Structure formats: C-alpha cells, structure tokens
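As provided, model.cif (mmCIF, C-alpha atoms (C1' of nucleotides)) reads as follows.
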data_coords
#
loop_
_atom_site.label_atom_id
_atom_site.label_comp_id
_atom_site.auth_asym_id
_atom_site.auth_seq_id
_atom_site.Cartn_x
_atom_site.Cartn_y
_atom_site.Cartn_z
CA MET J 1 -7.05 -5.77 -20.38
CA PRO J 2 -7.80 -7.07 -16.89
CA PRO J 3 -8.02 -10.82 -16.23
CA GLY J 4 -11.48 -12.26 -16.78
CA ASP J 5 -11.42 -14.46 -13.70
CA VAL J 6 -9.37 -15.63 -10.73
CA ALA J 7 -7.69 -18.47 -12.60
CA GLU J 8 -6.49 -16.10 -15.30
CA ALA J 9 -5.29 -13.56 -12.74
CA LEU J 10 -3.28 -16.28 -11.01
CA ARG J 11 -1.70 -17.25 -14.31
CA VAL J 12 -0.73 -13.64 -14.97
CA GLN J 13 0.94 -13.35 -11.56
CA GLU J 14 2.76 -16.60 -12.10
CA GLU J 15 3.97 -15.36 -15.47
CA LEU J 16 5.13 -11.97 -14.22
CA ARG J 17 6.65 -12.82 -10.86
CA SER J 18 9.90 -14.10 -12.31
CA ARG J 19 10.56 -10.78 -14.00
CA VAL J 20 10.71 -8.78 -10.79
CA ASP J 21 14.14 -7.32 -10.01
CA LEU J 22 14.95 -8.18 -6.41
CA VAL J 23 18.58 -7.19 -6.68
CA GLY J 24 18.79 -3.53 -7.63
CA PRO J 25 19.57 -1.51 -4.51
CA GLY J 26 17.51 1.37 -5.88
CA PRO J 27 18.12 5.11 -5.44
CA THR J 28 19.67 6.08 -2.10
CA ALA J 29 19.08 9.74 -2.71
CA PRO J 30 16.07 10.00 -5.04
CA THR J 31 15.15 13.45 -6.33
CA THR J 32 11.44 12.68 -6.50
CA VAL J 33 9.27 10.05 -4.85
CA ALA J 34 5.73 9.20 -5.87
CA GLY J 35 2.86 8.10 -3.66
CA LEU J 36 -0.12 6.16 -5.03
CA ASP J 37 -3.53 5.57 -3.51
CA VAL J 38 -7.12 4.82 -4.46
CA ALA J 39 -10.44 5.85 -2.93
CA TYR J 40 -13.72 3.99 -3.49
CA ALA J 41 -17.30 5.24 -3.63
CA GLU J 42 -19.46 3.58 -0.99
CA SER J 43 -21.46 2.00 -3.76
CA GLY J 44 -18.22 0.25 -4.67
CA ASP J 45 -18.57 0.71 -8.40
CA ARG J 46 -16.51 3.85 -8.82
CA LEU J 47 -12.98 4.72 -7.77
CA ALA J 48 -10.44 7.49 -8.03
CA ALA J 49 -6.73 6.79 -8.27
CA ALA J 50 -4.15 9.43 -7.46
CA VAL J 51 -0.41 9.82 -7.77
CA THR J 52 1.48 12.60 -6.07
CA VAL J 53 5.14 13.28 -6.74
CA LEU J 54 7.11 14.80 -3.90
CA ASP J 55 10.50 16.46 -3.81
CA ALA J 56 12.41 13.90 -1.75
CA GLY J 57 14.19 16.60 0.21
CA THR J 58 11.44 19.02 1.10
CA LEU J 59 8.56 16.53 0.87
CA THR J 60 6.49 19.08 -1.01
CA VAL J 61 4.29 18.08 -3.93
CA VAL J 62 5.84 18.90 -7.31
CA ASP J 63 3.39 17.05 -9.53
CA GLU J 64 0.15 15.10 -9.28
CA ALA J 65 -2.44 13.34 -11.40
CA VAL J 66 -5.71 11.46 -10.95
CA SER J 67 -7.88 8.99 -12.84
CA VAL J 68 -11.52 8.21 -12.10
CA GLY J 69 -13.01 4.92 -13.19
CA ARG J 70 -14.40 1.53 -12.20
CA PRO J 71 -12.68 -1.26 -10.28
CA ALA J 72 -11.12 -3.56 -12.89
CA PHE J 73 -11.50 -6.73 -10.81
CA GLY J 74 -13.30 -7.92 -7.69
CA TYR J 75 -11.60 -7.57 -4.34
CA VAL J 76 -9.72 -10.79 -3.79
CA PRO J 77 -6.89 -10.72 -1.23
CA GLY J 78 -3.77 -11.64 -3.15
CA LEU J 79 -5.21 -10.42 -6.46
CA PHE J 80 -5.73 -6.93 -5.24
CA ALA J 81 -3.47 -5.32 -7.85
CA PHE J 82 -5.79 -6.19 -10.71
CA ARG J 83 -8.45 -4.05 -9.14
CA GLU J 84 -6.53 -0.80 -9.02
CA LEU J 85 -3.80 -1.21 -11.61
CA PRO J 86 -5.56 0.26 -14.68
CA ALA J 87 -6.58 3.45 -12.88
CA LEU J 88 -3.18 3.84 -11.22
CA LEU J 89 -1.36 3.37 -14.52
CA GLU J 90 -3.56 5.94 -16.20
CA ALA J 91 -2.83 8.43 -13.43
CA LEU J 92 0.91 7.69 -13.77
CA ASP J 93 0.66 8.34 -17.50
CA ARG J 94 -0.74 11.76 -16.80
CA LEU J 95 2.28 12.85 -14.77
CA THR J 96 4.67 15.42 -16.15
CA VAL J 97 7.51 14.27 -13.93
CA ARG J 98 8.92 10.74 -14.05
CA PRO J 99 9.43 9.82 -10.35
CA ASP J 100 12.56 8.02 -9.13
CA LEU J 101 10.62 5.74 -6.81
CA LEU J 102 7.06 4.47 -6.33
CA VAL J 103 5.68 4.08 -2.81
CA CYS J 104 2.61 1.88 -2.97
CA ASP J 105 -0.28 1.54 -0.54
CA GLY J 106 -0.12 -2.23 -0.13
CA HIS J 107 2.52 -4.95 -0.21
CA GLY J 108 5.27 -5.97 -2.57
CA LEU J 109 7.02 -9.28 -1.85
CA ALA J 110 5.01 -9.75 1.33
CA HIS J 111 2.41 -11.57 -0.72
CA PRO J 112 1.30 -15.22 -0.99
CA ARG J 113 2.99 -15.58 -4.38
CA ARG J 114 5.59 -12.83 -3.80
CA PHE J 115 3.93 -10.54 -6.30
CA GLY J 116 1.91 -7.86 -4.55
CA LEU J 117 0.78 -4.52 -5.95
CA ALA J 118 4.19 -2.88 -5.50
CA CYS J 119 5.90 -5.62 -7.54
CA HIS J 120 3.27 -5.44 -10.26
CA LEU J 121 3.38 -1.66 -10.48
CA GLY J 122 7.16 -1.54 -10.44
CA LEU J 123 7.48 -4.22 -13.11
CA VAL J 124 4.93 -2.65 -15.44
CA THR J 125 6.41 0.84 -15.15
CA GLY J 126 10.00 -0.29 -14.88
CA LEU J 127 10.44 2.01 -11.90
CA PRO J 128 11.90 1.16 -8.49
CA ALA J 129 8.97 0.43 -6.18
CA ILE J 130 8.27 -0.48 -2.58
CA GLY J 131 5.15 -1.46 -0.70
CA VAL J 132 4.05 0.01 2.62
CA GLY J 133 1.07 -1.78 4.12
CA LYS J 134 -0.92 -0.72 7.15
CA THR J 135 -1.98 -4.28 7.97
CA PRO J 136 -0.39 -7.68 7.23
CA LEU J 137 -1.38 -9.99 4.38
CA VAL J 138 1.04 -12.84 5.07
CA GLY J 139 3.80 -13.68 7.51
CA GLU J 140 4.76 -13.83 11.17
CA TRP J 141 6.82 -11.36 13.16
CA ASP J 142 7.83 -10.24 16.61
CA GLU J 143 6.74 -6.87 17.89
CA PRO J 144 9.46 -4.27 17.22
CA SER J 145 10.69 -1.99 20.05
CA PRO J 146 8.51 1.05 20.65
CA GLU J 147 10.92 3.63 19.27
CA ARG J 148 10.88 5.01 15.74
CA GLY J 149 13.29 3.15 13.48
CA ALA J 150 12.94 -0.17 15.30
CA TRP J 151 12.04 -3.14 13.12
CA THR J 152 11.71 -6.91 13.05
CA PRO J 153 11.78 -9.28 10.07
CA LEU J 154 8.50 -10.30 8.48
CA ARG J 155 8.77 -14.00 7.63
CA ASP J 156 6.58 -16.24 5.55
CA ALA J 157 7.14 -19.88 4.67
CA GLY J 158 10.72 -19.69 5.88
CA GLU J 159 11.75 -16.58 4.00
CA VAL J 160 12.08 -12.93 4.94
CA VAL J 161 9.52 -11.09 2.83
CA GLY J 162 9.65 -7.69 4.48
CA ARG J 163 10.02 -5.76 7.73
CA VAL J 164 7.67 -4.59 10.42
CA LEU J 165 8.83 -1.03 10.93
CA ARG J 166 8.04 1.49 13.64
CA THR J 167 7.86 4.91 11.99
CA ARG J 168 6.72 6.79 15.11
CA ASP J 169 7.48 6.24 18.80
CA GLY J 170 4.79 4.15 20.45
CA VAL J 171 2.62 3.95 17.33
CA LYS J 172 1.51 0.83 15.47
CA PRO J 173 4.17 -0.26 12.96
CA VAL J 174 3.83 -0.50 9.16
CA PHE J 175 4.74 -3.42 6.89
CA VAL J 176 7.49 -2.61 4.42
CA SER J 177 8.41 -4.86 1.51
CA VAL J 178 10.33 -4.65 -1.72
CA GLY J 179 8.41 -4.16 -4.94
CA HIS J 180 10.93 -3.89 -7.77
CA ARG J 181 14.53 -2.75 -8.20
CA MET J 182 14.93 -1.98 -4.48
CA SER J 183 16.75 -3.62 -1.58
CA LEU J 184 14.90 -4.09 1.69
CA ASP J 185 17.47 -1.98 3.56
CA ASN J 186 17.01 0.89 1.15
CA ALA J 187 13.23 0.52 1.25
CA VAL J 188 13.25 0.95 5.01
CA ASP J 189 15.56 3.97 4.76
CA ARG J 190 13.27 5.57 2.18
CA VAL J 191 10.22 5.01 4.37
CA LEU J 192 11.91 6.55 7.39
CA ALA J 193 12.88 9.56 5.27
CA LEU J 194 9.24 9.92 4.30
CA THR J 195 7.87 9.71 7.83
CA PRO J 196 9.27 12.69 9.77
CA SER J 197 5.93 13.41 11.44
CA TYR J 198 3.38 10.70 10.87
CA ARG J 199 3.02 6.94 10.85
CA LEU J 200 2.43 6.77 7.10
CA PRO J 201 4.76 8.14 4.40
CA GLU J 202 4.05 11.69 3.26
CA THR J 203 3.67 10.29 -0.24
CA THR J 204 0.81 8.09 0.89
CA ARG J 205 -0.82 10.91 2.82
CA THR J 206 -0.80 13.36 -0.07
CA ALA J 207 -2.03 10.73 -2.52
CA ASP J 208 -4.78 9.72 -0.09
CA ARG J 209 -6.06 13.25 0.20
CA LEU J 210 -5.91 13.76 -3.55
CA CYS J 211 -7.85 10.63 -4.49
CA ARG J 212 -10.55 11.43 -1.94
CA ARG J 213 -10.89 14.91 -3.35
CA ALA J 214 -10.99 13.58 -6.90
CA LEU J 215 -13.64 11.01 -6.00
CA ALA J 216 -15.82 13.59 -4.27
CA ALA J 217 -15.51 15.89 -7.26
CA ALA J 218 -16.36 13.08 -9.67
CA LEU J 219 -19.45 12.07 -7.74
CA ALA J 220 -20.70 15.62 -7.33
"C1'" DG H 1 -13.10 -28.42 7.65
"C1'" DC H 2 -11.93 -23.71 9.89
"C1'" DG H 3 -10.08 -19.23 10.12
"C1'" DA H 4 -7.43 -15.44 7.78
"C1'" DC H 5 -7.52 -12.41 4.21
"C1'" DA H 6 -3.26 -5.70 1.19
"C1'" DG H 7 -7.36 -1.99 -0.27
"C1'" DA F 1 -12.03 0.46 0.96
"C1'" DT F 2 -16.28 2.65 3.55
"C1'" DC F 3 -19.81 3.28 7.45
"C1'" DT F 4 -19.45 5.88 12.31
"C1'" DT F 5 -19.16 9.16 18.22
"C1'" DG F 6 -16.74 10.10 21.37
"C1'" DT F 7 -12.43 10.53 23.58
"C1'" DC F 8 -7.74 11.16 25.12
"C1'" DG F 9 -3.61 13.95 24.38
"C1'" DC F 10 -0.37 17.35 22.47
#

Let me see whether you can do it: turn the structure in this file into structure tokens.
Amino acid sequence: MPPGDVAEALRVQEELRSRVDLVGPGPTAPTTVAGLDVAYAESGDRLAAAVTVLDAGTLTVVDEAVSVGRPAFGYVPGLFAFRELPALLEALDRLTVRPDLLVCDGHGLAHPRRFGLACHLGLVTGLPAIGVGKTPLVGEWDEPSPERGAWTPLRDAGEVVGRVLRTRDGVKPVFVSVGHRMSLDNAVDRVLALTPSYRLPETTRTADRLCRRALAAALA
DNA sequence: GCGACAG
DNA sequence: ATCTTGTCGC
C-alpha cells in the first residue's frame, strides 16, 4: 500500500534506508540484466511499467513483462519511487526469468536521503540494483573528459554518492549510482558493458520501447 | 526568502 | 514524464 502523504513517504524512506546493502560487490559477470522503465499518458493518470531481461553477453531480450495502471503517488522529487514502484513490482512478478541485476531509470544513492528508486527496488526485491539517471537530482561534479569511459565523482554533502560517466565519446554523460548489493566500481563496469552503441544502457532502451508500446496498446 | 528539483 | 520542427551528421 502506497504512502498516504509526503510525511508518511518520508518515514518509510527513513525506515528502509538502513537496510540497503552498500557493501556487496555484486555480479561481475551477470548472466541476465534487467532494465526497468515507465511511460505516462499525457493525461497523467495512467502509466505502463515495463521490465526487459537481456542476456548480458549478447544484449538480446530473453524475457519481458509489463503492467498498466495508475501512478501510486504524486510526482515529488525525492519521493519518486512511490509513484512507480507498485507497477514496476507487478511487472517484475510477471517475469519468468529472475534477473541477476536491475538497472533502474533514476538514481540510487544519489538521492537527498540516499534512498532513490534503485535502492528501493533493490531492497524490496533483494536483487542487486543500480541507478542510471539522465539528469542530476543532487550533487556537484566536474565535467568528465570527452571520451567514453571517462568519469568524475558525484559528491553531495561531503560524500561520494555516484559517478558522472561518459558512455559515448563527446556525448552528455549519465549519472550512475549504487542501488543495492553493488559496488560503485562494478556499477560503472556494468553500465559500460551495456552501452556499446548508445548513451543509455540497452536495458533502459528496450524497457523504454516496451512501456511505450504497452501504454499505446492500453489506451487504444 | 529564492532557486532547484530523478521520471 | 509529455508536448513539439527542424536540423546537423554519420
């Protein structure tokens, strides 16, 4: 059951944050990696969540699932997870394959209270998880060198909460942070392995296409 | 008080 | 997130 208001949501984050595993190095050679994303109807009252599971070696889709529903919470930066979590969890439940790693569209530790969507999703499922954001939520950083693989630390309130990583030469970097049971070094390695051709991980791209398709089909 | 603010 | 035209480049 989603929080009824902001105060309750904050209490839930405060309660769960301590249970996140920030030690586990996570799988160095995962067999399968899942991508999660959500698409919204322009009216804003309907959404479609999708999960795609890719073979980590070939980056081809081996399983996928969707869930159409309503946002479970208003859009409040920092409480974003409560909005998409129910639909994402339902889609995850519908998978046939249990992925070795979750790649979330949003942040993990790079969050005001160190408990972004990737942490929440990882904790609830018990799976290793990382967050890959397209834009920052918190922190300061220096611009990484223009070549793929270059990165700089993302710092907030005196601590390193993630990395600003260049996944393609000369293209805007992404924000990588740990979600659950993953080290930052491994998270960056996994993201680079998932970005042989584009700025965003293949997992995110396939999930993005799937949730858009599912939403269009649901609205038709 | 003011500006910023994942998707 | 979503709404949007053209444009530059491979």

**OP:** Could you expand the PyMOL selection byres ((chain J) within 12 of (chain F)) into the explicit residues it covers here, written as JSON, numbers by chain?
**Re:** {"J": [37, 38, 39, 40, 41, 42, 43, 44, 45, 46, 47, 48, 71, 75, 80, 83, 84, 105, 208, 212]}

**OP:** Determine the residue set returned by the PyMOL selection byres ((chain H) within 10 of (chain J)) for the present structure, and present it as a ChimeraX atom specification.
**Re:** /H:4-7

**OP:** Excluding region 143-154 of chain J and any residue of its chain fewer than 2 positions from it, enumerate the residues within 9 Å of it, using only C-alpha atoms (C1' of nucleotides), and give them as a PyMOL selection string.
**Re:** chain J and resi 110+138-141+156+159-173+175-177+188+192

**OP:** Show which residues sit within 9 Å of Ala129 (chain J), as a ChimeraX atom specification. Count all atoms listed in the file, and ignore same-chain residues fewer than 5 positions away.
**Re:** /J:26,100-104,108,118-119,121-123,178-182,187

Might I get the box with edges along x, y and z of the file that holds all atoms of region 69-76 of chain J listed there, padded by 5 Å on every side, given as centre and edge lengths in Å to one decimal, as AutoDock Vina command-line options?
--center_x -12.1 --center_y -2.9 --center_z -8.5 --size_x 14.7 --size_y 25.7 --size_z 19.4

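In this model, the gap between CA of Ser67 (chain J) and CA of Ala49 (chain J) comes to 5.2 Å.
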
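CA of Thr52 (chain J) lies 5.4 Å from CA of Ala34 (chain J).
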
**OP:** List the residues selected by the PyMOL selection byres ((chain J and resi 32) around 9) in the file shown, writing them as a count of residues only.
**Re:** 16

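Pairwise distance (CA of Pro2 (chain J), CA of Glu15 (chain J)) equals 14.5 Å.
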